[in-house]
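entry.txt follows; it contains compact mmCIF, C-alpha atoms (C1' of nucleotides).
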# COMPACT_ATOMS: atom_id res chain seq x y z
CA MET H 685 0.00 0.00 0.00
CA ASP H 686 1.10 3.53 -0.72
CA ARG H 687 3.22 4.87 2.10
CA ARG H 688 1.41 8.18 1.85
CA GLN H 689 -1.87 6.57 2.70
CA GLN H 690 -0.43 4.75 5.67
CA LYS H 691 1.12 7.95 6.91
CA THR H 692 -2.09 9.95 6.78
CA ARG H 693 -4.08 7.17 8.29
CA THR H 694 -1.85 6.80 11.31
CA ALA H 695 -1.60 10.57 11.59
CA ILE H 696 -5.38 10.69 11.85
CA TYR H 697 -5.56 7.84 14.33
CA ASP H 698 -2.85 9.37 16.47
CA ALA H 699 -4.52 12.75 16.37
CA LEU H 700 -7.87 11.35 17.44
CA THR H 701 -6.31 9.24 20.15
CA LYS H 702 -4.51 12.26 21.51
CA LEU H 703 -7.65 14.40 21.45
CA LEU H 704 -9.69 11.65 23.09
CA ARG H 705 -7.43 11.84 26.09
CA LYS H 706 -8.77 15.29 26.86
CA ARG H 707 -12.29 15.39 25.44
CA ARG H 708 -15.27 13.23 24.71
CA PHE H 709 -15.55 12.09 21.13
CA GLU H 710 -18.75 14.01 20.47
CA ASP H 711 -17.09 17.25 21.49
CA ILE H 712 -14.21 16.87 19.07
CA THR H 713 -14.60 18.46 15.64
CA VAL H 714 -13.25 17.18 12.36
CA GLN H 715 -11.31 20.40 12.03
CA GLU H 716 -9.47 19.71 15.25
CA ILE H 717 -8.52 16.25 14.09
CA ILE H 718 -7.32 17.69 10.81
CA ASP H 719 -5.25 20.34 12.53
CA GLU H 720 -3.80 17.90 15.02
CA ALA H 721 -2.98 15.42 12.27
CA ASN H 722 -1.68 18.24 10.14
CA ILE H 723 -3.36 17.17 6.94
CA GLY H 724 -5.66 18.78 4.41
CA ARG H 725 -9.39 18.79 4.87
CA SER H 726 -10.12 16.91 1.69
CA THR H 727 -7.56 14.31 2.65
CA PHE H 728 -9.51 13.46 5.74
CA TYR H 729 -12.70 13.03 3.78
CA SER H 730 -10.99 10.88 1.19
CA HIS H 731 -10.11 8.47 3.98
CA PHE H 732 -13.28 8.54 6.06
CA GLU H 733 -16.80 9.45 5.15
CA THR H 734 -17.63 10.87 8.55
CA LYS H 735 -16.19 11.34 11.98
CA ASP H 736 -18.27 8.45 13.25
CA GLN H 737 -16.89 6.12 10.64
CA LEU H 738 -13.40 7.06 11.68
CA LEU H 739 -14.15 6.15 15.27
CA GLU H 740 -15.74 2.90 14.28
CA GLN H 741 -12.85 1.84 12.10
CA MET H 742 -10.28 2.88 14.62
CA CYS H 743 -11.98 1.01 17.43
CA ASP H 744 -12.50 -1.96 15.19
CA GLU H 745 -8.82 -2.25 14.45
CA MET H 746 -7.92 -1.82 18.05
CA PHE H 747 -10.42 -4.31 19.41
CA THR H 748 -9.50 -6.87 16.82
CA HIS H 749 -5.99 -6.48 18.04
CA VAL H 750 -6.80 -6.68 21.73
CA PHE H 751 -9.28 -9.51 21.53
CA SER H 752 -7.18 -11.47 19.13
CA GLU H 753 -7.95 -15.05 18.27
CA SER H 754 -5.28 -16.32 20.57
CA LEU H 755 -7.62 -15.61 23.40
CA MET H 756 -10.34 -17.92 22.18
CA PRO H 757 -10.91 -20.80 24.54
CA GLU H 758 -10.80 -24.07 22.69
CA LYS H 759 -14.10 -25.80 22.43
CA SER H 760 -12.75 -28.90 24.04
CA HIS H 761 -11.99 -27.21 27.33
CA ASP H 762 -14.37 -28.08 30.07
CA PHE H 763 -14.36 -25.12 32.40
CA SER H 764 -17.18 -26.42 34.47
CA ALA H 765 -14.76 -29.02 35.73
CA ASN H 766 -11.77 -26.76 35.92
CA HIS H 767 -12.18 -23.24 37.13
CA GLU H 768 -8.47 -22.61 37.14
CA GLU H 769 -8.37 -22.69 33.38
CA LEU H 770 -11.21 -20.20 33.07
CA ARG H 771 -9.55 -17.94 35.56
CA ALA H 772 -6.30 -18.04 33.64
CA LEU H 773 -8.06 -17.22 30.41
CA LEU H 774 -9.91 -14.24 31.83
CA GLU H 775 -6.80 -12.98 33.52
CA HIS H 776 -4.94 -13.26 30.26
CA LEU H 777 -7.65 -11.15 28.67
CA LEU H 778 -7.20 -8.43 31.25
CA TRP H 779 -3.45 -8.45 30.73
CA HIS H 780 -4.07 -7.83 27.08
CA ILE H 781 -6.26 -4.91 27.96
CA LYS H 782 -3.67 -3.56 30.34
CA ASP H 783 -1.13 -3.71 27.54
CA HIS H 784 -3.28 -1.32 25.56
CA GLU H 785 -4.11 0.83 28.55
CA ASP H 786 -3.34 4.11 26.82
CA ASN H 787 -5.53 3.45 23.85
CA ILE H 788 -8.39 1.88 25.70
CA SER H 789 -8.58 4.40 28.50
CA SER H 790 -8.92 7.26 26.07
CA ILE H 791 -11.86 5.52 24.51
CA MET H 792 -13.86 4.93 27.65
CA TYR H 793 -15.85 8.11 27.58
CA GLY H 794 -18.86 9.18 25.58
CA GLU H 795 -19.96 7.43 22.46
CA SER H 796 -16.83 5.39 22.01
CA GLU H 797 -17.46 3.54 25.24
CA LYS H 798 -20.55 2.07 23.71
CA LEU H 799 -18.56 0.68 20.81
CA PHE H 800 -16.24 -0.98 23.29
CA THR H 801 -19.15 -2.50 25.16
CA ARG H 802 -20.79 -3.81 22.02
CA TYR H 803 -17.60 -5.28 20.70
CA PHE H 804 -16.59 -6.76 24.04
CA SER H 805 -20.02 -8.22 24.52
CA GLY H 806 -19.98 -9.84 21.11
CA TYR H 807 -16.57 -11.29 21.76
CA LEU H 808 -17.50 -12.72 25.14
CA GLU H 809 -20.68 -14.21 23.83
CA ASN H 810 -18.76 -15.97 21.13
CA ALA H 811 -15.96 -17.07 23.35
CA PHE H 812 -17.92 -18.08 26.41
CA GLY H 813 -21.47 -18.57 25.23
CA ASP H 814 -21.39 -22.34 25.46
CA LEU H 815 -19.54 -22.29 28.70
CA ILE H 816 -22.09 -20.08 30.37
CA SER H 817 -24.93 -22.43 29.73
CA HIS H 818 -23.09 -24.97 31.86
CA ILE H 819 -23.17 -22.80 34.92
CA ASP H 820 -25.65 -24.25 37.30
CA ILE H 821 -28.20 -21.64 38.22
CA ASP H 822 -31.89 -22.03 37.78
CA VAL H 823 -32.64 -19.12 35.46
CA SER H 824 -33.22 -18.88 31.73
CA SER H 825 -30.07 -19.21 29.68
CA GLU H 826 -30.68 -15.77 28.17
CA PHE H 827 -30.79 -14.24 31.59
CA LYS H 828 -27.70 -16.10 32.66
CA LYS H 829 -25.79 -14.85 29.65
CA GLN H 830 -26.91 -11.33 30.25
CA PHE H 831 -25.93 -11.50 33.89
CA VAL H 832 -22.54 -13.14 33.52
CA ILE H 833 -21.33 -11.18 30.53
CA GLY H 834 -22.88 -7.93 31.68
CA SER H 835 -21.35 -8.06 35.11
CA PHE H 836 -17.98 -8.98 33.68
CA ILE H 837 -17.97 -6.08 31.26
CA ASN H 838 -19.13 -3.80 34.03
CA THR H 839 -16.31 -4.94 36.20
CA VAL H 840 -13.76 -4.38 33.46
CA LYS H 841 -15.14 -0.92 32.73
CA TRP H 842 -15.03 -0.11 36.42
CA TRP H 843 -11.46 -1.31 36.52
CA ILE H 844 -10.45 0.77 33.54
CA GLY H 845 -12.34 3.79 34.84
CA GLY H 846 -10.40 3.56 38.07
CA GLY H 847 -7.11 3.60 36.20
CA LEU H 848 -6.35 -0.13 36.28
CA VAL H 849 -4.85 0.14 39.73
CA GLN H 850 -5.59 -3.44 40.71
CA SER H 851 -3.81 -6.31 39.06
CA PRO H 852 -5.71 -8.46 36.56
CA GLY H 853 -5.43 -11.33 39.01
CA GLU H 854 -7.13 -9.39 41.77
CA ILE H 855 -9.96 -8.34 39.50
CA ILE H 856 -10.64 -11.81 38.17
CA ASP H 857 -10.43 -13.19 41.67
CA ALA H 858 -12.99 -10.77 42.97
CA TYR H 859 -15.23 -11.22 39.97
CA LEU H 860 -15.25 -14.98 40.17
CA ARG H 861 -15.75 -14.86 43.89
CA CYS H 862 -18.89 -12.79 43.39
CA LEU H 863 -20.12 -14.91 40.53
CA ILE H 864 -19.21 -18.42 41.45
CA ARG H 865 -19.69 -18.26 45.18
CA GLY H 866 -21.39 -21.35 46.43
CA ASN H 867 -20.65 -23.04 43.16
CA GLN H 868 -17.01 -23.90 43.60
CA ASN H 869 -17.63 -27.53 44.36
CA HIS H 870 -19.50 -28.42 41.24
CA GLY H 871 -16.38 -29.64 39.51
CA THR H 872 -15.88 -33.33 39.86
CA GLY H 873 -12.46 -32.87 41.39
CA LYS H 874 -9.86 -34.76 39.42
CA MET K 5 -47.45 29.95 37.32
CA ASP K 6 -48.50 31.28 34.00
CA ARG K 7 -50.47 28.67 32.10
CA ARG K 8 -48.64 29.64 28.93
CA GLN K 9 -45.32 28.57 30.37
CA GLN K 10 -46.71 25.25 31.50
CA LYS K 11 -48.21 24.69 28.10
CA THR K 12 -44.98 25.36 26.24
CA ARG K 13 -42.96 23.28 28.63
CA THR K 14 -45.12 20.22 28.30
CA ALA K 15 -45.35 20.76 24.57
CA ILE K 16 -41.56 20.62 24.42
CA TYR K 17 -41.35 17.58 26.67
CA ASP K 18 -44.01 15.77 24.69
CA ALA K 19 -42.32 16.65 21.42
CA LEU K 20 -38.96 15.36 22.57
CA THR K 21 -40.47 12.21 24.02
CA LYS K 22 -42.23 11.54 20.76
CA LEU K 23 -39.10 12.11 18.72
CA LEU K 24 -37.03 9.95 21.05
CA ARG K 25 -39.24 7.01 20.20
CA LYS K 26 -37.89 7.05 16.67
CA ARG K 27 -34.39 8.51 16.91
CA ARG K 28 -31.43 8.82 19.20
CA PHE K 29 -31.21 12.07 21.09
CA GLU K 30 -28.03 13.19 19.38
CA ASP K 31 -29.68 12.89 15.97
CA ILE K 32 -32.61 15.11 16.88
CA THR K 33 -32.30 18.81 16.08
CA VAL K 34 -33.68 21.70 18.04
CA GLN K 35 -35.64 22.70 14.96
CA GLU K 36 -37.41 19.35 14.93
CA ILE K 37 -38.37 19.71 18.55
CA ILE K 38 -39.63 23.20 17.84
CA ASP K 39 -41.67 22.05 14.88
CA GLU K 40 -43.06 19.06 16.71
CA ALA K 41 -43.94 21.19 19.71
CA ASN K 42 -45.28 23.86 17.41
CA ILE K 43 -43.65 26.79 19.14
CA GLY K 44 -41.38 29.63 18.14
CA ARG K 45 -37.63 29.26 18.07
CA SER K 46 -36.98 31.96 20.61
CA THR K 47 -39.56 30.42 22.90
CA PHE K 48 -37.54 27.26 23.08
CA TYR K 49 -34.40 29.13 23.96
CA SER K 50 -36.18 31.16 26.61
CA HIS K 51 -37.02 27.90 28.35
CA PHE K 52 -33.81 25.95 27.85
CA GLU K 53 -30.30 27.09 27.16
CA THR K 54 -29.38 24.11 25.06
CA LYS K 55 -30.77 20.84 23.82
CA ASP K 56 -28.67 18.99 26.38
CA GLN K 57 -30.09 21.00 29.22
CA LEU K 58 -33.56 20.12 28.05
CA LEU K 59 -32.73 16.43 28.16
CA GLU K 60 -31.18 16.71 31.55
CA GLN K 61 -34.10 18.56 33.05
CA MET K 62 -36.63 16.27 31.47
CA CYS K 63 -34.88 13.15 32.68
CA ASP K 64 -34.41 14.69 36.07
CA GLU K 65 -38.11 15.32 36.51
CA MET K 66 -38.93 11.88 35.28
CA PHE K 67 -36.42 10.03 37.42
CA THR K 68 -37.36 11.99 40.49
CA HIS K 69 -40.87 10.85 39.82
CA VAL K 70 -40.01 7.22 39.19
CA PHE K 71 -37.56 6.80 42.04
CA SER K 72 -39.70 8.68 44.47
CA GLU K 73 -38.93 8.73 48.16
CA SER K 74 -41.59 6.18 48.89
CA LEU K 75 -39.19 3.61 47.57
CA MET K 76 -36.47 4.28 50.08
CA PRO K 77 -35.84 1.37 52.37
CA GLU K 78 -35.97 2.41 55.98
CA LYS K 79 -32.68 2.31 57.73
CA SER K 80 -34.03 0.07 60.41
CA HIS K 81 -34.77 -2.75 58.02
CA ASP K 82 -32.40 -5.61 58.26
CA PHE K 83 -32.39 -7.20 54.87
CA SER K 84 -29.60 -9.53 55.69
CA ALA K 85 -32.03 -11.32 57.94
CA ASN K 86 -34.99 -11.02 55.68
CA HIS K 87 -34.55 -11.45 51.98
CA GLU K 88 -38.26 -11.32 51.34
CA GLU K 89 -38.38 -7.68 52.25
CA LEU K 90 -35.55 -6.83 49.91
CA ARG K 91 -37.18 -8.76 47.13
CA ALA K 92 -40.44 -6.92 47.65
CA LEU K 93 -38.70 -3.58 47.58
CA LEU K 94 -36.84 -4.29 44.37
CA GLU K 95 -39.95 -5.68 42.74
CA HIS K 96 -41.82 -2.58 43.74
CA LEU K 97 -39.12 -0.53 42.05
CA LEU K 98 -39.56 -2.45 38.82
CA TRP K 99 -43.29 -1.98 38.94
CA HIS K 100 -42.70 1.73 39.15
CA ILE K 101 -40.49 1.54 36.11
CA LYS K 102 -43.07 -0.49 34.27
CA ASP K 103 -45.64 2.18 35.02
CA HIS K 104 -43.49 4.65 33.13
CA GLU K 105 -42.65 2.22 30.38
CA ASP K 106 -43.45 4.63 27.55
CA ASN K 107 -41.26 7.39 28.87
CA ILE K 108 -38.38 5.26 30.00
CA SER K 109 -38.15 3.08 26.92
CA SER K 110 -37.83 6.09 24.68
CA ILE K 111 -34.91 7.25 26.74
CA MET K 112 -32.89 4.07 26.60
CA TYR K 113 -30.87 4.87 23.53
CA GLY K 114 -27.89 7.10 22.95
CA GLU K 115 -26.85 9.78 25.35
CA SER K 116 -29.98 9.72 27.43
CA GLU K 117 -29.33 6.17 28.51
CA LYS K 118 -26.24 7.35 30.29
CA LEU K 119 -28.26 9.85 32.29
CA PHE K 120 -30.55 7.04 33.34
CA THR K 121 -27.64 4.89 34.40
CA ARG K 122 -26.02 7.67 36.38
CA TYR K 123 -29.23 8.59 38.11
CA PHE K 124 -30.20 5.01 38.81
CA SER K 125 -26.77 4.23 40.12
CA GLY K 126 -26.84 7.20 42.47
CA TYR K 127 -30.23 6.21 43.73
CA LEU K 128 -29.27 2.60 44.36
CA GLU K 129 -26.10 3.56 46.12
CA ASN K 130 -28.04 5.79 48.43
CA ALA K 131 -30.83 3.35 49.00
CA PHE K 132 -28.84 0.18 49.31
CA GLY K 133 -25.29 1.21 50.05
CA ASP K 134 -25.37 0.14 53.68
CA LEU K 135 -27.18 -3.02 52.89
CA ILE K 136 -24.64 -4.13 50.36
CA SER K 137 -21.81 -4.04 52.82
CA HIS K 138 -23.65 -6.70 54.79
CA ILE K 139 -23.53 -9.18 51.98
CA ASP K 140 -21.03 -11.80 52.88
CA ILE K 141 -18.46 -12.10 50.14
CA ASP K 142 -14.77 -11.78 50.61
CA VAL K 143 -14.04 -8.86 48.28
CA SER K 144 -13.48 -5.17 48.89
CA SER K 145 -16.62 -3.24 49.66
CA GLU K 146 -16.04 -1.00 46.65
CA PHE K 147 -15.93 -4.00 44.39
CA LYS K 148 -18.99 -5.47 45.96
CA LYS K 149 -20.91 -2.27 45.45
CA GLN K 150 -19.81 -2.05 41.86
CA PHE K 151 -20.79 -5.63 41.23
CA VAL K 152 -24.16 -5.66 42.92
CA ILE K 153 -25.38 -2.30 41.67
CA GLY K 154 -23.85 -2.69 38.24
CA SER K 155 -25.36 -6.07 37.60
CA PHE K 156 -28.74 -4.89 38.82
CA ILE K 157 -28.77 -1.88 36.53
CA ASN K 158 -27.59 -4.08 33.70
CA THR K 159 -30.41 -6.45 34.32
CA VAL K 160 -32.97 -3.67 34.40
CA LYS K 161 -31.60 -2.19 31.19
CA TRP K 162 -31.68 -5.60 29.58
CA TRP K 163 -35.27 -5.99 30.73
CA ILE K 164 -36.28 -2.62 29.35
CA GLY K 165 -34.40 -3.20 26.10
CA GLY K 166 -36.31 -6.40 25.61
CA GLY K 167 -39.60 -4.59 25.97
CA LEU K 168 -40.37 -5.50 29.59
CA VAL K 169 -41.85 -8.82 28.56
CA GLN K 170 -41.10 -10.56 31.85
CA SER K 171 -42.90 -9.59 35.02
CA PRO K 172 -41.00 -7.63 37.66
CA GLY K 173 -41.28 -10.66 39.92
CA GLU K 174 -39.56 -12.91 37.41
CA ILE K 175 -36.74 -10.46 36.90
CA ILE K 176 -36.06 -9.93 40.57
CA ASP K 177 -36.26 -13.65 41.15
CA ALA K 178 -33.69 -14.38 38.50
CA TYR K 179 -31.47 -11.53 39.62
CA LEU K 180 -31.44 -12.57 43.23
CA ARG K 181 -30.93 -16.17 42.28
CA CYS K 182 -27.79 -15.21 40.38
CA LEU K 183 -26.58 -12.89 43.08
CA ILE K 184 -27.46 -14.55 46.32
CA ARG K 185 -26.94 -18.15 45.36
CA GLY K 186 -25.21 -20.04 48.10
CA ASN K 187 -25.93 -17.21 50.46
CA GLN K 188 -29.57 -17.83 51.26
CA ASN K 189 -28.87 -19.28 54.65
CA HIS K 190 -27.01 -16.40 56.14
CA GLY K 191 -30.07 -14.95 57.82
CA THR K 192 -30.43 -16.04 61.39
CA GLY K 193 -33.84 -17.47 60.76
CA LYS K 194 -36.35 -15.93 63.10
C1' DT Y 392 -63.03 47.31 31.47
C1' DC Y 393 -58.35 49.19 31.43
C1' DA Y 394 -53.81 49.11 32.14
C1' DC Y 395 -49.58 46.48 32.53
C1' DT Y 396 -46.83 42.71 32.94
C1' DT Y 397 -45.40 38.50 31.12
C1' DC Y 398 -44.90 35.30 27.52
C1' DC Y 399 -44.87 33.85 22.65
C1' DT Y 400 -43.71 34.79 17.73
C1' DG Y 401 -40.95 34.65 13.74
C1' DA Y 402 -37.76 36.73 11.02
C1' DA Y 403 -33.10 38.22 10.75
C1' DC Y 404 -28.49 37.60 12.07
C1' DA Y 405 -23.69 35.93 13.11
C1' DC Y 406 -21.35 31.93 13.84
C1' DT Y 407 -19.84 27.03 13.70
C1' DT Y 408 -19.53 22.69 11.61
C1' DT Y 409 -20.03 19.57 7.94
C1' DG Y 410 -19.05 17.44 3.63
C1' DT Y 411 -17.96 18.39 -1.49
C1' DT Y 412 -15.41 20.06 -5.36
C1' DC Y 413 -11.53 21.12 -8.04
C1' DA Y 414 -7.25 22.72 -9.94
C1' DG Y 415 -2.54 22.25 -8.96
C1' DC Y 416 1.26 19.98 -6.94
C1' DA Y 417 4.09 15.95 -4.97
C1' DA Y 418 5.17 11.44 -4.51
C1' DA Y 419 4.90 6.63 -5.90
C1' DA Y 420 4.66 3.08 -9.52
C1' DT Y 421 5.77 1.13 -14.07
C1' DA Q 233 9.92 9.52 -18.24
C1' DT Q 234 5.39 8.91 -18.05
C1' DT Q 235 1.37 7.68 -15.71
C1' DT Q 236 -1.16 6.94 -11.77
C1' DT Q 237 -2.27 7.93 -7.31
C1' DG Q 238 -2.59 10.75 -3.24
C1' DC Q 239 -2.27 15.27 -0.79
C1' DT Q 240 -3.37 20.33 -0.58
C1' DG Q 241 -6.08 24.24 0.49
C1' DA Q 242 -9.31 27.36 -0.80
C1' DA Q 243 -13.93 27.99 -1.95
C1' DC Q 244 -18.61 26.56 -1.54
C1' DA Q 245 -23.39 25.00 -0.19
C1' DA Q 246 -26.00 23.28 3.41
C1' DA Q 247 -27.44 22.58 8.01
C1' DG Q 248 -27.52 23.64 12.70
C1' DT Q 249 -26.87 26.71 16.82
C1' DG Q 250 -27.94 30.40 19.76
C1' DT Q 251 -29.16 35.58 20.00
C1' DT Q 252 -31.81 39.63 19.24
C1' DC Q 253 -35.75 42.40 18.76
C1' DA Q 254 -40.10 44.57 17.48
C1' DG Q 255 -44.75 43.41 17.70
C1' DG Q 256 -48.67 40.79 19.04
C1' DA Q 257 -51.36 37.68 22.33
C1' DA Q 258 -52.64 36.15 26.64
C1' DG Q 259 -52.70 36.24 31.41
C1' DT Q 260 -53.13 39.38 35.97
C1' DG Q 261 -54.99 42.71 39.00
C1' DA Q 262 -57.47 46.88 40.06
Entire entry expressed as structure tokens:
Amino acid sequence: MDRRQQKTRTAIYDALTKLLRKRRFEDITVQEIIDEANIGRSTFYSHFETKDQLLEQMCDEMFTHVFSESLMPEKSHDFSANHEELRALLEHLLWHIKDHEDNISSIMYGESEKLFTRYFSGYLENAFGDLISHIDIDVSSEFKKQFVIGSFINTVKWWIGGGLVQSPGEIIDAYLRCLIRGNQNHGTGK
Amino acid sequence: MDRRQQKTRTAIYDALTKLLRKRRFEDITVQEIIDEANIGRSTFYSHFETKDQLLEQMCDEMFTHVFSESLMPEKSHDFSANHEELRALLEHLLWHIKDHEDNISSIMYGESEKLFTRYFSGYLENAFGDLISHIDIDVSSEFKKQFVIGSFINTVKWWIGGGLVQSPGEIIDAYLRCLIRGNQNHGTGK
DNA sequence: TCACTTCCTGAACACTTTGTTCAGCAAAAT
DNA sequence: ATTTTGCTGAACAAAGTGTTCAGGAAGTGA
């Protein structure tokens, strides 16, 4: 691909990321992004149709990167019999997020937060959907999914909002303790 | 108060509510509100400084109404010893929400949803903050609060988003079952 | 009924932001 | 060296925001 295109694109991404650290997305104007990126107006619009599309694409790239396939639990894993493995997987996920702290934190305000939530939710549903139905609580599986995934995303957002001061291990520990409590002994113990 | 003012104000509220049923708040223009309310431009701006202020005030009135004081648990109540009372209170809250279904549903998209969440969260923290610290899980009290309140609001949002098809009783049942599981016997049984 | 106070009206205005267009220039590709 | 592709920046139309103001309508009180 043309180096010029790459250059403008990253200039735009960097500019937006920098601006997002100080302001909500909806309060940032295209002109500001252009100025910060130091490019021509028409250049911006030849890359992105609108400001919203820019955000979407940028987040998309980032999330794809953060929630990369390597984090997918393999279908064969039986977490209901082995909580340690689930814990390790979730913790690994949080480490990934921590690695992208700068980028993700700047996104967690305003409209962009919703993109994160949607993307995260979709990922978790894919990755853990089956697993969740094995958790033994007497509620509809839709409700269970909503509860488990929702509370996890909430927890992660809360963690990020607080500046990621706790370690991923602490967070996962606390989360699982709230969620699994009373359920620890369901595994058949090896 | 001058009847004219009242009339304009409700005309504006009604107009916005109607528009919110079809579009996100951020996509609605002041002009549309004005047209829908059938008032003059300067009239709008003599009532509200900006579109955002209108939303805030409207939501504020509504939430104050929905989460009215009558729903405050009395300090003396000991929910840790009596889950039935807590359940009844939460169910009552959902009934209140259901009563305002039309208004609340129209608000649950875009920016206005965040106002709801903030308001709801503040209310719950006030109403149930003490109570939560009595729940027996070995995590920090901040985490516990985040988890309990967050998952409850999530559940309510999920319920509203789905069109409030389940009864308040069902929702509270499922919520408490997910939350309290393994903890039912902590009360000292009268 | 007669003031008079308050509110509503709607047009005009300045300003900001958006998204498009286009001619000219610069940098890649072949 | 020639062609293709991308960047520039000014100019433009369109849409929205928030203000102002003169005049009219509707409430209020004597």
Using all atoms of range 400-412 of chain Y listed in the file and a margin of 3 Å per side, can you give the axis-aligned box centre and edge lengths in Å to one decimal, as AutoDock Vina command-line options?
--center_x -29.6 --center_y 27.8 --center_z 6.2 --size_x 34.3 --size_y 26.8 --size_z 29.1
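In this model, the gap between CA of Ile37 in chain K and CA of Asp18 in chain K comes to 9.2 Å.
With the cut-off set to 8 Å and all atoms listed in the file counted, chain Y residues close to chain K are DC398, DC399, DT400 and DG401 of chain Y.
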Dump as a tab-separated table the rows for residues of chain H within 12 Å of chain K: closest atom pair and distance in Å with one decimal, only C-alpha atoms counted, ordered by chain and rising residue number.
residue	atom	partner	partner_atom	distance
H:Glu710	CA	K:Glu30	CA	9.4
H:Asp711	CA	K:Glu30	CA	11.9
H:Tyr793	CA	K:Lys118	CA	10.8
H:Gly794	CA	K:Glu115	CA	8.0
H:Glu795	CA	K:Glu115	CA	7.8
H:Ser796	CA	K:Gly114	CA	11.2
H:Glu797	CA	K:Lys118	CA	10.8
H:Lys798	CA	K:Gly114	CA	8.9
H:Leu799	CA	K:Gly114	CA	11.5
H:Ile819	CA	K:Cys182	CA	10.4
H:Asp820	CA	K:Cys182	CA	9.8
H:Ile821	CA	K:Cys182	CA	6.8
H:Asp822	CA	K:Arg181	CA	7.5
H:Val823	CA	K:Ala178	CA	5.7
H:Ser824	CA	K:Ala178	CA	8.1
H:Ser825	CA	K:Ala178	CA	10.7
H:Glu826	CA	K:Trp162	CA	10.3
H:Phe827	CA	K:Ala178	CA	7.5
H:Lys828	CA	K:Cys182	CA	7.8
H:Lys829	CA	K:Thr159	CA	10.7
H:Gln830	CA	K:Thr159	CA	7.3
H:Phe831	CA	K:Ser155	CA	6.6
H:Val832	CA	K:Ser155	CA	8.6
H:Ile833	CA	K:Ser155	CA	9.6
H:Gly834	CA	K:Asn158	CA	6.4
H:Ser835	CA	K:Ser155	CA	5.1
H:Phe836	CA	K:Phe151	CA	8.7
H:Ile837	CA	K:Gly154	CA	9.7
H:Asn838	CA	K:Gly154	CA	6.4
H:Thr839	CA	K:Phe151	CA	6.8
H:Val840	CA	K:Phe151	CA	10.6
H:Lys841	CA	K:Gln150	CA	10.3
H:Trp842	CA	K:Gln150	CA	7.5
H:Trp843	CA	K:Phe147	CA	9.4
H:Gly845	CA	K:Gln150	CA	11.8
H:Gly846	CA	K:Glu146	CA	11.2
H:Gln850	CA	K:Phe147	CA	11.0
H:Glu854	CA	K:Val143	CA	9.5
H:Ile855	CA	K:Phe147	CA	8.9
H:Ile856	CA	K:Val143	CA	11.1
H:Asp857	CA	K:Val143	CA	8.7
H:Ala858	CA	K:Val143	CA	5.7
H:Tyr859	CA	K:Phe151	CA	8.0
H:Leu860	CA	K:Val143	CA	10.2
H:Arg861	CA	K:Ile141	CA	7.4
H:Cys862	CA	K:Ile141	CA	6.8
H:Leu863	CA	K:Leu183	CA	7.2
H:Ile864	CA	K:Arg185	CA	8.7
H:Arg865	CA	K:Gly186	CA	6.5
H:Gly866	CA	K:Gly186	CA	4.4
H:Asn867	CA	K:Gly186	CA	7.4
H:Gln868	CA	K:Gly186	CA	10.1
H:Asn869	CA	K:Gly186	CA	11.3
Using only C-alpha atoms (C1' of nucleotides), which protein or nucleic acid residues come within 12 Å of Lys702 in chain H? Drop anything in the same chain fewer than 6 positions from it, and give the result as a PDB file with C-alpha atoms, keeping the file's coordinate frame.
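As written to disk, out_19.pdb reads:
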ATOM      1  CA  THR H 694      -1.850   6.800  11.310  1.00  0.00           C
ATOM      2  CA  ALA H 695      -1.600  10.570  11.590  1.00  0.00           C
ATOM      3  CA  ILE H 696      -5.380  10.690  11.850  1.00  0.00           C
ATOM      4  CA  ARG H 708     -15.270  13.230  24.710  1.00  0.00           C
ATOM      5  CA  PHE H 709     -15.550  12.090  21.130  1.00  0.00           C
ATOM      6  CA  ILE H 712     -14.210  16.870  19.070  1.00  0.00           C
ATOM      7  CA  GLU H 716      -9.470  19.710  15.250  1.00  0.00           C
ATOM      8  CA  ILE H 717      -8.520  16.250  14.090  1.00  0.00           C
ATOM      9  CA  GLU H 720      -3.800  17.900  15.020  1.00  0.00           C
ATOM     10  CA  ALA H 721      -2.980  15.420  12.270  1.00  0.00           C
ATOM     11  CA  ASP H 786      -3.340   4.110  26.820  1.00  0.00           C
ATOM     12  CA  ASN H 787      -5.530   3.450  23.850  1.00  0.00           C
ATOM     13  CA  ILE H 788      -8.390   1.880  25.700  1.00  0.00           C
ATOM     14  CA  SER H 789      -8.580   4.400  28.500  1.00  0.00           C
ATOM     15  CA  SER H 790      -8.920   7.260  26.070  1.00  0.00           C
ATOM     16  CA  ILE H 791     -11.860   5.520  24.510  1.00  0.00           C
TER      17      ILE H 791
END
